[in-house]
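Engineer: File name model-v8.cif; file contents mmCIF, C-alpha atoms; full text below.
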```cif
data_final
loop_
_atom_site.label_atom_id
_atom_site.label_comp_id
_atom_site.auth_asym_id
_atom_site.auth_seq_id
_atom_site.Cartn_x
_atom_site.Cartn_y
_atom_site.Cartn_z
CA MET M 1 -12.13 -36.21 40.24
CA ALA M 2 -15.11 -34.00 41.10
CA GLU M 3 -15.14 -30.69 39.24
CA ARG M 4 -15.66 -28.70 42.43
CA ASP M 5 -12.53 -30.21 43.99
CA SER M 6 -10.20 -29.01 41.24
CA GLU M 7 -8.69 -25.55 40.89
CA ILE M 8 -7.45 -23.43 38.01
CA ILE M 9 -3.95 -21.95 38.25
CA LEU M 10 -2.00 -19.70 35.90
CA ILE M 11 1.68 -20.63 36.05
CA ASN M 12 4.12 -17.92 34.91
CA ILE M 13 7.72 -19.04 34.35
CA SER M 14 10.63 -16.82 33.32
CA GLY M 15 14.40 -16.92 33.11
CA SER M 16 17.26 -17.93 30.83
CA ASP M 17 16.20 -20.31 28.12
CA ARG M 18 17.96 -23.59 27.40
CA PRO M 19 17.08 -26.83 25.59
CA GLY M 20 14.78 -29.10 27.56
CA VAL M 21 13.15 -26.52 29.83
CA THR M 22 9.62 -26.99 28.50
CA ALA M 23 9.98 -30.76 28.43
CA ALA M 24 11.12 -30.85 32.06
CA LEU M 25 8.30 -28.64 33.35
CA MET M 26 5.59 -30.37 31.35
CA GLY M 27 6.96 -33.70 32.55
CA ILE M 28 6.17 -32.67 36.13
CA LEU M 29 2.61 -31.76 35.18
CA ALA M 30 2.23 -35.00 33.25
CA GLU M 31 3.07 -37.04 36.35
CA TYR M 32 -0.04 -35.61 38.03
CA ASP M 33 -2.26 -35.92 34.94
CA VAL M 34 -2.75 -32.15 34.82
CA ARG M 35 -5.03 -30.75 32.14
CA VAL M 36 -3.55 -27.83 30.15
CA LEU M 37 -6.21 -25.22 29.34
CA ASP M 38 -3.90 -22.79 27.56
CA ILE M 39 -0.19 -22.32 26.97
CA SER M 40 1.99 -19.62 25.46
CA GLN M 41 5.77 -19.42 25.19
CA ALA M 42 7.99 -16.63 23.91
CA MET M 43 11.68 -15.86 23.95
CA VAL M 44 13.31 -12.42 23.95
CA HIS M 45 17.12 -12.26 23.86
CA GLU M 46 17.59 -15.82 25.18
CA ASN M 47 15.11 -15.19 28.01
CA LEU M 48 12.06 -17.41 28.31
CA ALA M 49 8.53 -16.31 29.17
CA LEU M 50 6.21 -19.28 29.56
CA GLY M 51 2.59 -19.12 30.67
CA ILE M 52 0.56 -22.27 31.37
CA LEU M 53 -3.10 -22.21 32.44
CA VAL M 54 -3.91 -25.54 34.08
CA LYS M 55 -6.66 -27.34 35.92
CA LEU M 56 -5.05 -29.01 38.91
CA PRO M 57 -6.30 -32.13 40.66
CA ALA M 58 -8.07 -32.07 44.02
CA LEU M 59 -6.72 -29.63 46.57
CA SER M 60 -5.07 -32.43 48.51
CA ALA M 61 -2.84 -33.22 45.50
CA SER M 62 -2.35 -29.75 44.02
CA ALA M 63 0.15 -28.74 46.68
CA SER M 64 2.43 -31.58 45.60
CA VAL M 65 2.27 -30.48 41.96
CA LEU M 66 3.21 -26.91 42.80
CA LYS M 67 5.95 -28.02 45.17
CA ASP M 68 7.53 -30.23 42.50
CA LEU M 69 7.27 -27.44 39.92
CA LEU M 70 9.00 -25.02 42.28
CA PHE M 71 11.80 -27.49 42.90
CA GLU M 72 12.31 -28.17 39.18
CA ALA M 73 12.26 -24.44 38.38
CA HIS M 74 14.89 -23.85 41.07
CA GLN M 75 17.06 -26.57 39.56
CA LEU M 76 16.74 -24.87 36.15
CA ASP M 77 17.40 -21.40 37.64
CA LEU M 78 13.95 -20.18 36.62
CA ARG M 79 11.46 -17.92 38.38
CA VAL M 80 7.93 -19.23 38.81
CA ARG M 81 4.75 -17.54 39.98
CA PHE M 82 1.33 -19.12 40.62
CA GLN M 83 -1.89 -17.15 40.18
CA PRO M 84 -5.27 -18.69 41.08
CA VAL M 85 -8.06 -18.12 38.55
CA SER M 86 -11.68 -18.29 39.65
CA ARG M 87 -14.24 -20.23 37.62
CA ASP M 88 -16.08 -16.98 36.84
CA GLU M 89 -12.86 -15.41 35.55
CA TYR M 90 -12.14 -18.47 33.45
CA GLN M 91 -15.66 -18.51 32.00
CA HIS M 92 -15.39 -14.83 31.11
CA TRP M 93 -12.11 -15.59 29.31
CA VAL M 94 -13.70 -18.48 27.41
CA VAL M 95 -16.62 -16.30 26.27
CA GLY M 96 -14.11 -13.70 25.06
CA GLU M 97 -12.77 -16.28 22.60
CA HIS M 98 -15.82 -15.60 20.46
CA GLN M 99 -15.08 -11.89 20.07
CA SER M 100 -13.85 -10.60 16.72
CA ARG M 101 -10.13 -10.94 16.09
CA TYR M 102 -7.95 -8.39 14.30
CA VAL M 103 -4.32 -8.12 13.34
CA LEU M 104 -2.41 -4.84 13.50
CA THR M 105 0.91 -4.77 11.68
CA LEU M 106 3.45 -2.07 12.54
CA LEU M 107 6.23 -1.72 9.99
CA GLY M 108 9.00 0.71 9.19
CA ARG M 109 12.77 1.06 9.15
CA ARG M 110 12.90 0.67 12.93
CA VAL M 111 10.44 0.32 15.83
CA THR M 112 10.45 2.49 18.95
CA ALA M 113 8.68 2.41 22.29
CA ALA M 114 6.98 5.72 21.45
CA GLN M 115 5.39 4.20 18.35
CA ILE M 116 4.08 1.18 20.25
CA ALA M 117 2.78 3.38 23.07
CA ARG M 118 0.79 5.58 20.67
CA ILE M 119 -0.67 2.60 18.83
CA ALA M 120 -1.56 0.76 22.05
CA GLY M 121 -3.27 3.91 23.30
CA VAL M 122 -5.45 4.11 20.19
CA THR M 123 -6.45 0.44 20.27
CA THR M 124 -7.38 0.67 23.95
CA ALA M 125 -9.34 3.88 23.44
CA HIS M 126 -11.43 2.17 20.75
CA GLY M 127 -12.29 -0.93 22.76
CA LEU M 128 -9.68 -3.43 21.56
CA ASN M 129 -7.44 -5.57 23.74
CA ILE M 130 -3.91 -6.61 22.74
CA GLU M 131 -3.57 -10.37 23.27
CA ASP M 132 -0.22 -11.07 21.66
CA ILE M 133 2.75 -9.24 20.11
CA GLY M 134 5.27 -10.94 17.84
CA ARG M 135 8.19 -9.87 15.67
CA LEU M 136 8.00 -10.73 11.96
CA SER M 137 11.22 -9.04 10.86
CA ALA M 138 14.69 -10.45 11.41
CA ARG M 139 16.66 -9.41 14.49
CA SER M 140 17.91 -5.85 14.16
CA ALA M 141 21.55 -4.77 14.09
CA LEU M 142 22.55 -2.02 16.53
CA HIS M 143 23.59 0.42 13.80
CA ASP M 144 20.79 2.50 12.33
CA ASP M 145 22.36 3.90 9.16
CA ASP M 146 21.09 1.21 6.78
CA THR M 147 18.42 2.79 4.58
CA GLU M 148 17.05 -0.63 3.61
CA THR M 149 16.55 -2.14 7.08
CA ARG M 150 13.09 -3.45 7.96
CA ALA M 151 11.32 -3.75 11.28
CA CYS M 152 7.88 -5.26 11.78
CA LEU M 153 5.72 -6.20 14.74
CA GLU M 154 2.37 -8.00 14.55
CA LEU M 155 -0.22 -7.40 17.27
CA SER M 156 -3.16 -9.75 17.77
CA LEU M 157 -6.23 -7.87 18.97
CA ARG M 158 -9.62 -8.94 20.22
CA GLY M 159 -12.84 -6.98 20.49
CA GLU M 160 -14.81 -4.66 18.23
CA PRO M 161 -13.66 -1.09 17.46
CA ASP M 162 -16.29 1.41 18.56
CA ASP M 163 -15.49 3.81 15.69
CA ALA M 164 -13.45 2.22 12.89
CA ASP M 165 -13.19 5.46 10.87
CA ALA M 166 -11.90 7.47 13.81
CA MET M 167 -9.44 4.72 14.64
CA LYS M 168 -8.12 4.66 11.06
CA ALA M 169 -7.75 8.44 11.13
CA ALA M 170 -5.75 8.16 14.35
CA PHE M 171 -3.49 5.52 12.81
CA LEU M 172 -2.93 7.70 9.72
CA SER M 173 -1.94 10.60 11.95
CA ILE M 174 0.54 8.42 13.86
CA SER M 175 1.95 7.09 10.58
CA ARG M 176 2.69 10.58 9.29
CA GLU M 177 4.09 11.88 12.55
CA MET M 178 6.29 8.89 13.34
CA ASP M 179 7.30 7.65 9.87
CA ILE M 180 5.77 4.18 10.20
CA ASP M 181 3.05 2.16 8.49
CA ILE M 182 0.11 0.71 10.39
CA SER M 183 -2.06 -2.00 8.87
CA PHE M 184 -5.31 -3.10 10.52
CA GLN M 185 -7.04 -6.23 9.22
CA GLU M 186 -9.71 -8.63 10.36
CA ASP M 187 -8.08 -11.96 11.21
CA ASN M 188 -10.31 -14.27 9.20
CA PHE M 189 -10.15 -17.29 6.90
CA TYR M 190 -9.42 -15.22 3.80
CA ARG M 191 -6.43 -13.47 5.34
CA ARG M 192 -4.68 -16.82 5.65
CA ASN M 193 -5.77 -18.10 2.24
CA ARG M 194 -4.79 -15.53 -0.38
CA ARG M 195 -4.08 -17.02 -3.81
CA LEU M 196 -3.47 -14.18 -6.27
CA VAL M 197 -1.35 -11.01 -6.04
CA VAL M 198 -1.95 -8.27 -8.60
CA PHE M 199 0.42 -5.35 -9.16
CA ASP M 200 0.36 -2.02 -10.85
CA MET M 201 3.61 -1.57 -12.77
CA ASP M 202 4.87 2.02 -12.93
CA SER M 203 6.06 3.38 -9.56
CA THR M 204 5.06 0.06 -7.99
CA LEU M 205 7.04 -2.85 -9.45
CA ILE M 206 9.45 -0.37 -11.02
CA ARG M 207 10.61 3.01 -9.76
CA GLU M 208 9.92 4.86 -12.99
CA GLU M 209 6.83 6.06 -14.83
CA VAL M 210 7.54 4.57 -18.25
CA ILE M 211 5.60 7.17 -20.18
CA ASP M 212 7.77 9.87 -18.62
CA GLU M 213 10.86 7.99 -19.78
CA LEU M 214 9.46 7.72 -23.32
CA ALA M 215 8.57 11.40 -23.27
CA LEU M 216 12.18 12.29 -22.44
CA GLU M 217 13.24 10.39 -25.56
CA ALA M 218 10.59 12.25 -27.57
CA GLY M 219 11.62 15.67 -26.22
CA ALA M 220 8.30 16.16 -24.42
CA GLY M 221 9.44 15.29 -20.90
CA ASP M 222 8.20 18.28 -18.93
CA GLU M 223 4.79 18.37 -20.58
CA VAL M 224 4.11 14.66 -20.12
CA ALA M 225 5.46 14.62 -16.54
CA ALA M 226 3.04 17.36 -15.55
CA ILE M 227 0.09 15.44 -16.99
CA THR M 228 1.25 12.22 -15.30
CA GLU M 229 1.51 13.92 -11.92
CA ALA M 230 -1.98 15.38 -12.22
CA ALA M 231 -3.41 11.97 -13.16
CA MET M 232 -1.72 10.15 -10.27
CA ARG M 233 -3.05 12.77 -7.82
CA GLY M 234 -6.54 12.26 -9.19
CA ASP M 235 -6.79 15.81 -10.54
CA MET M 236 -7.33 14.58 -14.10
CA ASP M 237 -9.26 11.65 -15.55
CA PHE M 238 -6.77 8.87 -16.25
CA ARG M 239 -8.19 7.96 -19.66
CA GLU M 240 -8.05 11.58 -20.84
CA SER M 241 -4.54 12.04 -19.47
CA LEU M 242 -3.26 8.86 -21.12
CA ILE M 243 -4.58 9.83 -24.54
CA LYS M 244 -2.95 13.26 -24.25
CA ARG M 245 0.39 11.84 -23.16
CA VAL M 246 0.54 9.09 -25.79
CA ALA M 247 -0.25 11.63 -28.51
CA LEU M 248 2.96 13.47 -27.57
CA LEU M 249 4.96 10.32 -28.40
CA GLU M 250 3.97 10.35 -32.06
CA GLY M 251 6.91 9.59 -34.35
CA LEU M 252 9.14 8.04 -31.68
CA ASP M 253 11.36 5.26 -33.04
CA GLU M 254 10.28 1.77 -31.96
CA ALA M 255 13.90 0.99 -31.00
CA VAL M 256 13.56 3.43 -28.11
CA LEU M 257 11.24 0.98 -26.30
CA GLN M 258 14.04 -1.52 -25.75
CA ARG M 259 16.43 1.21 -24.65
CA VAL M 260 13.96 2.40 -22.04
CA ALA M 261 13.17 -1.17 -20.91
CA ASP M 262 16.87 -1.85 -20.34
CA ARG M 263 17.23 1.04 -17.91
CA LEU M 264 14.15 0.39 -15.79
CA THR M 265 14.94 -0.27 -12.12
CA LEU M 266 12.99 -2.57 -9.84
CA THR M 267 11.43 -1.13 -6.70
CA GLU M 268 13.18 -2.05 -3.45
CA GLY M 269 12.00 -5.49 -2.37
CA ALA M 270 10.24 -6.35 -5.65
CA GLU M 271 12.55 -9.20 -6.60
CA ARG M 272 12.44 -10.76 -3.13
CA LEU M 273 8.66 -10.48 -2.98
CA LEU M 274 8.09 -12.12 -6.36
CA LYS M 275 10.60 -14.88 -5.62
CA THR M 276 8.81 -15.67 -2.36
CA LEU M 277 5.37 -15.65 -3.97
CA ARG M 278 6.56 -18.04 -6.69
CA LEU M 279 8.07 -20.44 -4.15
CA LEU M 280 4.81 -20.46 -2.17
CA GLY M 281 2.66 -21.10 -5.23
CA TYR M 282 0.87 -17.78 -5.48
CA ARG M 283 -0.32 -16.59 -8.88
CA THR M 284 0.91 -13.12 -9.84
CA ALA M 285 -0.22 -10.60 -12.41
CA VAL M 286 0.38 -7.07 -13.65
CA ILE M 287 -2.70 -4.98 -14.32
CA SER M 288 -1.33 -1.65 -15.49
CA GLY M 289 -2.36 1.55 -17.15
CA GLY M 290 1.17 1.49 -18.61
CA PHE M 291 2.28 -0.41 -21.68
CA ASP M 292 2.38 -4.14 -22.36
CA TYR M 293 5.83 -4.02 -24.02
CA PHE M 294 7.34 -3.17 -20.63
CA GLY M 295 4.97 -5.44 -18.74
CA HIS M 296 6.21 -8.43 -20.73
CA HIS M 297 9.80 -7.29 -20.13
CA LEU M 298 9.09 -7.48 -16.39
CA GLN M 299 7.22 -10.75 -16.79
CA SER M 300 10.35 -12.49 -18.07
CA ARG M 301 12.50 -10.80 -15.43
CA LEU M 302 10.31 -11.53 -12.39
CA GLY M 303 8.41 -14.65 -13.43
CA LEU M 304 4.98 -13.01 -13.44
CA ASP M 305 2.12 -15.21 -14.63
CA THR M 306 -0.05 -12.68 -16.44
CA VAL M 307 0.24 -9.17 -17.88
CA HIS M 308 -2.61 -6.82 -18.78
CA ALA M 309 -1.54 -3.38 -20.01
CA ASN M 310 -2.19 -0.87 -22.78
CA GLN M 311 -0.74 -1.49 -26.24
CA LEU M 312 1.07 1.25 -28.14
CA GLU M 313 0.23 1.44 -31.86
CA ILE M 314 3.31 1.11 -34.05
CA GLU M 315 3.45 1.56 -37.81
CA SER M 316 6.55 1.42 -40.01
CA GLY M 317 8.77 1.20 -36.94
CA ARG M 318 7.43 4.34 -35.26
CA LEU M 319 4.82 5.14 -32.60
CA THR M 320 1.66 6.67 -34.04
CA GLY M 321 0.66 8.46 -30.84
CA LYS M 322 -2.36 6.15 -30.45
CA LEU M 323 -3.30 3.01 -28.54
CA VAL M 324 -4.62 -0.32 -29.78
CA GLY M 325 -7.73 -1.80 -28.19
CA ASP M 326 -9.54 -0.88 -24.99
CA ILE M 327 -7.79 1.46 -22.57
CA ILE M 328 -7.00 -0.02 -19.17
CA ASP M 329 -8.16 2.63 -16.72
CA GLY M 330 -9.27 2.36 -13.10
CA GLU M 331 -12.58 0.63 -13.72
CA ARG M 332 -11.03 -1.73 -16.25
CA LYS M 333 -8.39 -2.70 -13.68
CA ALA M 334 -11.10 -3.75 -11.22
CA THR M 335 -12.87 -5.74 -13.94
CA LEU M 336 -9.66 -7.55 -14.91
CA LEU M 337 -8.97 -8.39 -11.27
CA GLN M 338 -12.41 -9.99 -11.02
CA SER M 339 -11.79 -11.94 -14.25
CA LEU M 340 -8.48 -13.30 -12.99
CA ALA M 341 -10.10 -14.38 -9.73
CA ASP M 342 -12.91 -16.10 -11.65
CA GLU M 343 -10.37 -17.94 -13.83
CA LEU M 344 -8.66 -19.28 -10.72
CA GLY M 345 -11.97 -20.16 -9.06
CA ILE M 346 -11.29 -17.97 -6.01
CA GLU M 347 -13.10 -15.17 -4.20
CA GLN M 348 -11.98 -11.56 -4.59
CA SER M 349 -11.31 -11.70 -0.85
CA GLN M 350 -8.41 -14.04 -1.69
CA VAL M 351 -6.77 -11.44 -3.94
CA ILE M 352 -4.09 -8.93 -2.94
CA ALA M 353 -3.74 -5.79 -5.07
CA VAL M 354 -0.87 -3.28 -4.89
CA GLY M 355 -0.72 0.11 -6.59
CA ASP M 356 0.22 3.74 -6.14
CA GLY M 357 -2.05 5.93 -8.28
CA ALA M 358 -5.61 7.18 -8.17
CA ASN M 359 -6.46 4.89 -11.11
CA ASP M 360 -5.51 1.92 -8.87
CA LEU M 361 -8.17 2.67 -6.25
CA PRO M 362 -10.99 0.62 -7.86
CA MET M 363 -8.63 -2.38 -8.02
CA LEU M 364 -7.45 -1.87 -4.44
CA ARG M 365 -11.02 -1.68 -3.19
CA SER M 366 -12.03 -4.82 -5.10
CA ALA M 367 -9.29 -6.95 -3.58
CA GLY M 368 -9.47 -8.62 -0.20
CA LEU M 369 -6.22 -6.86 0.69
CA GLY M 370 -5.64 -3.60 -1.19
CA ILE M 371 -2.31 -1.90 -0.51
CA ALA M 372 -1.36 1.65 -1.52
CA PHE M 373 2.39 1.51 -2.10
CA HIS M 374 4.34 4.77 -1.64
CA ALA M 375 1.20 6.41 -2.91
CA LYS M 376 -0.10 9.93 -3.18
CA PRO M 377 -2.03 11.25 -0.12
CA LEU M 378 -5.39 10.84 -1.89
CA VAL M 379 -4.70 7.17 -2.51
CA GLN M 380 -3.41 6.54 1.03
CA ARG M 381 -6.54 8.09 2.52
CA ASN M 382 -8.86 5.96 0.40
CA ALA M 383 -7.01 2.62 0.46
CA ARG M 384 -7.56 0.24 3.36
CA GLN M 385 -3.83 -0.46 3.78
CA ALA M 386 -0.66 1.44 2.88
CA ILE M 387 3.11 0.90 2.79
CA SER M 388 5.15 4.07 2.60
CA THR M 389 8.26 3.48 4.72
CA ILE M 390 9.84 0.28 3.37
CA GLY M 391 10.13 -1.73 0.16
CA LEU M 392 7.62 -3.80 -1.76
CA ASP M 393 8.53 -6.93 0.18
CA GLY M 394 6.71 -5.33 3.12
CA VAL M 395 3.64 -6.93 1.51
CA LEU M 396 4.85 -10.23 2.99
CA TYR M 397 4.42 -8.83 6.50
CA LEU M 398 0.83 -7.84 5.77
CA MET M 399 0.30 -11.44 4.66
CA GLY M 400 1.53 -12.56 8.09
CA MET M 401 4.86 -14.00 6.93
CA ASN M 402 8.05 -13.55 8.89
CA ASP M 403 11.54 -13.14 7.50
CA ALA M 404 12.48 -16.71 8.39
CA GLU M 405 9.80 -17.95 5.96
CA SER M 406 10.99 -16.03 2.90
CA PRO M 407 14.25 -15.97 0.90
CA HIS M 408 16.72 -13.12 1.29
#
```
Could you show the structure in this file as structure tokens?
Structural biologist:
Amino acid sequence: MAERDSEIILINISGSDRPGVTAALMGILAEYDVRVLDISQAMVHENLALGILVKLPALSASASVLKDLLFEAHQLDLRVRFQPVSRDEYQHWVVGEHQSRYVLTLLGRRVTAAQIARIAGVTTAHGLNIEDIGRLSARSALHDDDTETRACLELSLRGEPDDADAMKAAFLSISREMDIDISFQEDNFYRRNRRLVVFDMDSTLIREEVIDELALEAGAGDEVAAITEAAMRGDMDFRESLIKRVALLEGLDEAVLQRVADRLTLTEGAERLLKTLRLLGYRTAVISGGFDYFGHHLQSRLGLDTVHANQLEIESGRLTGKLVGDIIDGERKATLLQSLADELGIEQSQVIAVGDGANDLPMLRSAGLGIAFHAKPLVQRNARQAISTIGLDGVLYLMGMNDAESPH
């Protein structure tokens, strides 16, 4: 068949889905030895949307192909539309394949048309084209009173943003106004090949700040809580704040540690996230400015592989108000992340880090995917990604996983 005698046609098919539809339609094309240049199929509420870009045989035979397709579609109660595509249009489309690819993840308790409209407007304004939209979350119930529902859409984008900083600022503004999270990532090899997930502990894997809980037992709750808050906001050096807070625990009975550990509560989604990561073979670690006693407690509870945290000094069954060994602060967290990656023989781009405080920022920046989880505004502004509306298992969506792929 001479190239000039063939034609390119986009076939759009829609209607109620049923088993065998795709097989029947492709069978027609197969009879005429049609070449498929591209194909995409989606289903929304039992309704099929199928697009097939084909190169048809010589004009004398193409009419028969289209006629047979129309007849088969009629038999299946489907609507079909044919759209000719010029060779110049096709070549332009092929060249576009080499443009940069990005993934935008929209997640929250529920998704609305207004949210999608605002996000689509920003991506278009900055030179990006939406090529595909898919749902990663499970199908939503009609009621909207469940505080632990999840909704997530993933948008595939192509192009190059003309001003990445301005685009991020626009997304942050939408997130605050509309109570959603927006993640924007380059769709590259590393995104699909993460190997290690590193967590902060306090206010990340668990809801509490352990040192505040210990301070309550020591009768220094208000004083320690104020220092903790200042440190998490970034108003005070973490190392200095930790030394001050630990000093206020001097004399506390060692038995209190177990009592506090027993009442710690996991963050929403933490158990599901860790279970999924274990099943998929990911390595997991805690790198925390908190205390190793509680890190090891969580390690046995969640199946974590490694724990790095500060060690409280204990003498004669009581806390001395001091720490043993090097303090794990922000810079130390980043160094430990690099060490863990080196031990596994992976790039830092293959590491995911999750944390909430200012002392987590060096670790979040070092990782290929750094996620600020229900973090203070300073941390959200300076982290590349953030989750503030749903639980810790929202990390799975940023990894590109859908609910069907993870345990419930």
Engineer: If the PyMOL selection byres ((chain M and resi 311-318) around 12) were run on this exact file, what residues would it hold? Put them as a PyMOL selection string.
Structural biologist: chain M and resi 211+214+218+242-243+245-247+249-257+288-296+307-310+319-328
Engineer: Dump C-alpha atoms for the selected residues as an mmCIF file, keeping the file's coordinate frame?
Structural biologist:
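File written: selection_6.cif
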```
data_model
loop_
_atom_site.group_PDB
_atom_site.id
_atom_site.type_symbol
_atom_site.label_atom_id
_atom_site.label_comp_id
_atom_site.auth_asym_id
_atom_site.auth_seq_id
_atom_site.Cartn_x
_atom_site.Cartn_y
_atom_site.Cartn_z
ATOM 1 C CA ILE M 211 5.600 7.170 -20.180
ATOM 2 C CA LEU M 214 9.460 7.720 -23.320
ATOM 3 C CA ALA M 218 10.590 12.250 -27.570
ATOM 4 C CA LEU M 242 -3.260 8.860 -21.120
ATOM 5 C CA ILE M 243 -4.580 9.830 -24.540
ATOM 6 C CA ARG M 245 0.390 11.840 -23.160
ATOM 7 C CA VAL M 246 0.540 9.090 -25.790
ATOM 8 C CA ALA M 247 -0.250 11.630 -28.510
ATOM 9 C CA LEU M 249 4.960 10.320 -28.400
ATOM 10 C CA GLU M 250 3.970 10.350 -32.060
ATOM 11 C CA GLY M 251 6.910 9.590 -34.350
ATOM 12 C CA LEU M 252 9.140 8.040 -31.680
ATOM 13 C CA ASP M 253 11.360 5.260 -33.040
ATOM 14 C CA GLU M 254 10.280 1.770 -31.960
ATOM 15 C CA ALA M 255 13.900 0.990 -31.000
ATOM 16 C CA VAL M 256 13.560 3.430 -28.110
ATOM 17 C CA LEU M 257 11.240 0.980 -26.300
ATOM 18 C CA SER M 288 -1.330 -1.650 -15.490
ATOM 19 C CA GLY M 289 -2.360 1.550 -17.150
ATOM 20 C CA GLY M 290 1.170 1.490 -18.610
ATOM 21 C CA PHE M 291 2.280 -0.410 -21.680
ATOM 22 C CA ASP M 292 2.380 -4.140 -22.360
ATOM 23 C CA TYR M 293 5.830 -4.020 -24.020
ATOM 24 C CA PHE M 294 7.340 -3.170 -20.630
ATOM 25 C CA GLY M 295 4.970 -5.440 -18.740
ATOM 26 C CA HIS M 296 6.210 -8.430 -20.730
ATOM 27 C CA VAL M 307 0.240 -9.170 -17.880
ATOM 28 C CA HIS M 308 -2.610 -6.820 -18.780
ATOM 29 C CA ALA M 309 -1.540 -3.380 -20.010
ATOM 30 C CA ASN M 310 -2.190 -0.870 -22.780
ATOM 31 C CA LEU M 319 4.820 5.140 -32.600
ATOM 32 C CA THR M 320 1.660 6.670 -34.040
ATOM 33 C CA GLY M 321 0.660 8.460 -30.840
ATOM 34 C CA LYS M 322 -2.360 6.150 -30.450
ATOM 35 C CA LEU M 323 -3.300 3.010 -28.540
ATOM 36 C CA VAL M 324 -4.620 -0.320 -29.780
ATOM 37 C CA GLY M 325 -7.730 -1.800 -28.190
ATOM 38 C CA ASP M 326 -9.540 -0.880 -24.990
ATOM 39 C CA ILE M 327 -7.790 1.460 -22.570
ATOM 40 C CA ILE M 328 -7.000 -0.020 -19.170
#
```
Engineer: Please determine, counting only C-alpha atoms, which residue among M:Glu209, M:Phe199, M:Asn402, M:Gly355 has the shortest atom-to-atom distance to Thr306 (chain M).
Structural biologist: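 Of M:Glu209, M:Phe199, M:Asn402, M:Gly355, the one nearest Thr306 (chain M) is M:Phe199, counting only C-alpha atoms.
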Engineer: Given only C-alpha atoms as the basis, pick out the residue of M:Ala30, M:Val80, M:Leu136, M:Ala169 nearest to Asn382 (chain M).
Structural biologist: M:Ala169
Engineer: Applying 12 Å and all atoms listed in the file, which residues near Thr112 (chain M) remain after dropping the ones on its own chain fewer than 6 positions away? List them as a PyMOL selection string.
Structural biologist: chain M and resi 106+118-119+151-153+178-180
Engineer: Separation of CA of Ala386 (chain M) and CA of Leu369 (chain M), in Å?
Structural biologist: 10.2 Å
Engineer: Between M:Gly368, M:Gly391, M:Gly159, M:Gly27, which has the minimum distance to Val197 (chain M) (counting only C-alpha atoms)?
Structural biologist: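 Distance minimum relative to Val197 (chain M) lands on M:Gly368.
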Engineer: Provide the CA of Arg109 (chain M) to CA of Ala270 (chain M) distance in Å, to one decimal place.
Structural biologist: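 Atom-to-atom, CA of Arg109 (chain M) to CA of Ala270 (chain M), that is 16.7 Å.
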Engineer: Using only C-alpha atoms, which of M:Leu196, M:Ala261, M:Leu205, M:Ala24 sits nearest Ala341 (chain M)?
Structural biologist: M:Leu196
Engineer: Distance CA of Thr149 (chain M)-CA of Thr389 (chain M), one decimal place?
Structural biologist: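 CA of Thr149 (chain M) sits 10.3 Å away from CA of Thr389 (chain M).
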Engineer: Would you list the residues near (-4.3, -2.1, 9.1) (no more than 10 Å away, in the coordinates of the file, using only C-alpha atoms) as a CSV table (one decimal) with C-alpha atoms, in the frame of the given file?
Structural biologist:
```csv
chain,number,residue,atom,x,y,z
M,102,TYR,CA,-8.0,-8.4,14.3
M,103,VAL,CA,-4.3,-8.1,13.3
M,104,LEU,CA,-2.4,-4.8,13.5
M,105,THR,CA,0.9,-4.8,11.7
M,106,LEU,CA,3.4,-2.1,12.5
M,168,LYS,CA,-8.1,4.7,11.1
M,171,PHE,CA,-3.5,5.5,12.8
M,172,LEU,CA,-2.9,7.7,9.7
M,181,ASP,CA,3.0,2.2,8.5
M,182,ILE,CA,0.1,0.7,10.4
M,183,SER,CA,-2.1,-2.0,8.9
M,184,PHE,CA,-5.3,-3.1,10.5
M,185,GLN,CA,-7.0,-6.2,9.2
M,186,GLU,CA,-9.7,-8.6,10.4
M,369,LEU,CA,-6.2,-6.9,0.7
M,371,ILE,CA,-2.3,-1.9,-0.5
M,384,ARG,CA,-7.6,0.2,3.4
M,385,GLN,CA,-3.8,-0.5,3.8
M,386,ALA,CA,-0.7,1.4,2.9
M,398,LEU,CA,0.8,-7.8,5.8
```
Engineer: Starting from the point (-5.4, 5.7, 21.7), work out which residues of protein, DNA or RNA have an atom no more than 12 Å away when counting all atoms listed in the file; state them as a list in words.
Structural biologist: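 Looking at atoms near the point gives Gln115, Ile116, Ala117, Arg118, Ile119, Ala120, Gly121, Val122, Thr123, Thr124, Ala125, His126, Gly127, Leu128, Asn129, Pro161, Asp163, Ala166, Met167, Lys168, Ala169, Ala170, Phe171, Ser173 and Ile174 of chain M.
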Engineer: I need the chosen residues saved as a compact mmCIF listing (two decimals), keeping the file's coordinate frame, with C-alpha atoms.
Structural biologist:
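What ended up in again_33.txt:
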```
# COMPACT_ATOMS: atom_id res chain seq x y z
CA GLN M 115 5.39 4.20 18.35
CA ILE M 116 4.08 1.18 20.25
CA ALA M 117 2.78 3.38 23.07
CA ARG M 118 0.79 5.58 20.67
CA ILE M 119 -0.67 2.60 18.83
CA ALA M 120 -1.56 0.76 22.05
CA GLY M 121 -3.27 3.91 23.30
CA VAL M 122 -5.45 4.11 20.19
CA THR M 123 -6.45 0.44 20.27
CA THR M 124 -7.38 0.67 23.95
CA ALA M 125 -9.34 3.88 23.44
CA HIS M 126 -11.43 2.17 20.75
CA GLY M 127 -12.29 -0.93 22.76
CA LEU M 128 -9.68 -3.43 21.56
CA ASN M 129 -7.44 -5.57 23.74
CA PRO M 161 -13.66 -1.09 17.46
CA ASP M 163 -15.49 3.81 15.69
CA ALA M 166 -11.90 7.47 13.81
CA MET M 167 -9.44 4.72 14.64
CA LYS M 168 -8.12 4.66 11.06
CA ALA M 169 -7.75 8.44 11.13
CA ALA M 170 -5.75 8.16 14.35
CA PHE M 171 -3.49 5.52 12.81
CA SER M 173 -1.94 10.60 11.95
CA ILE M 174 0.54 8.42 13.86
```
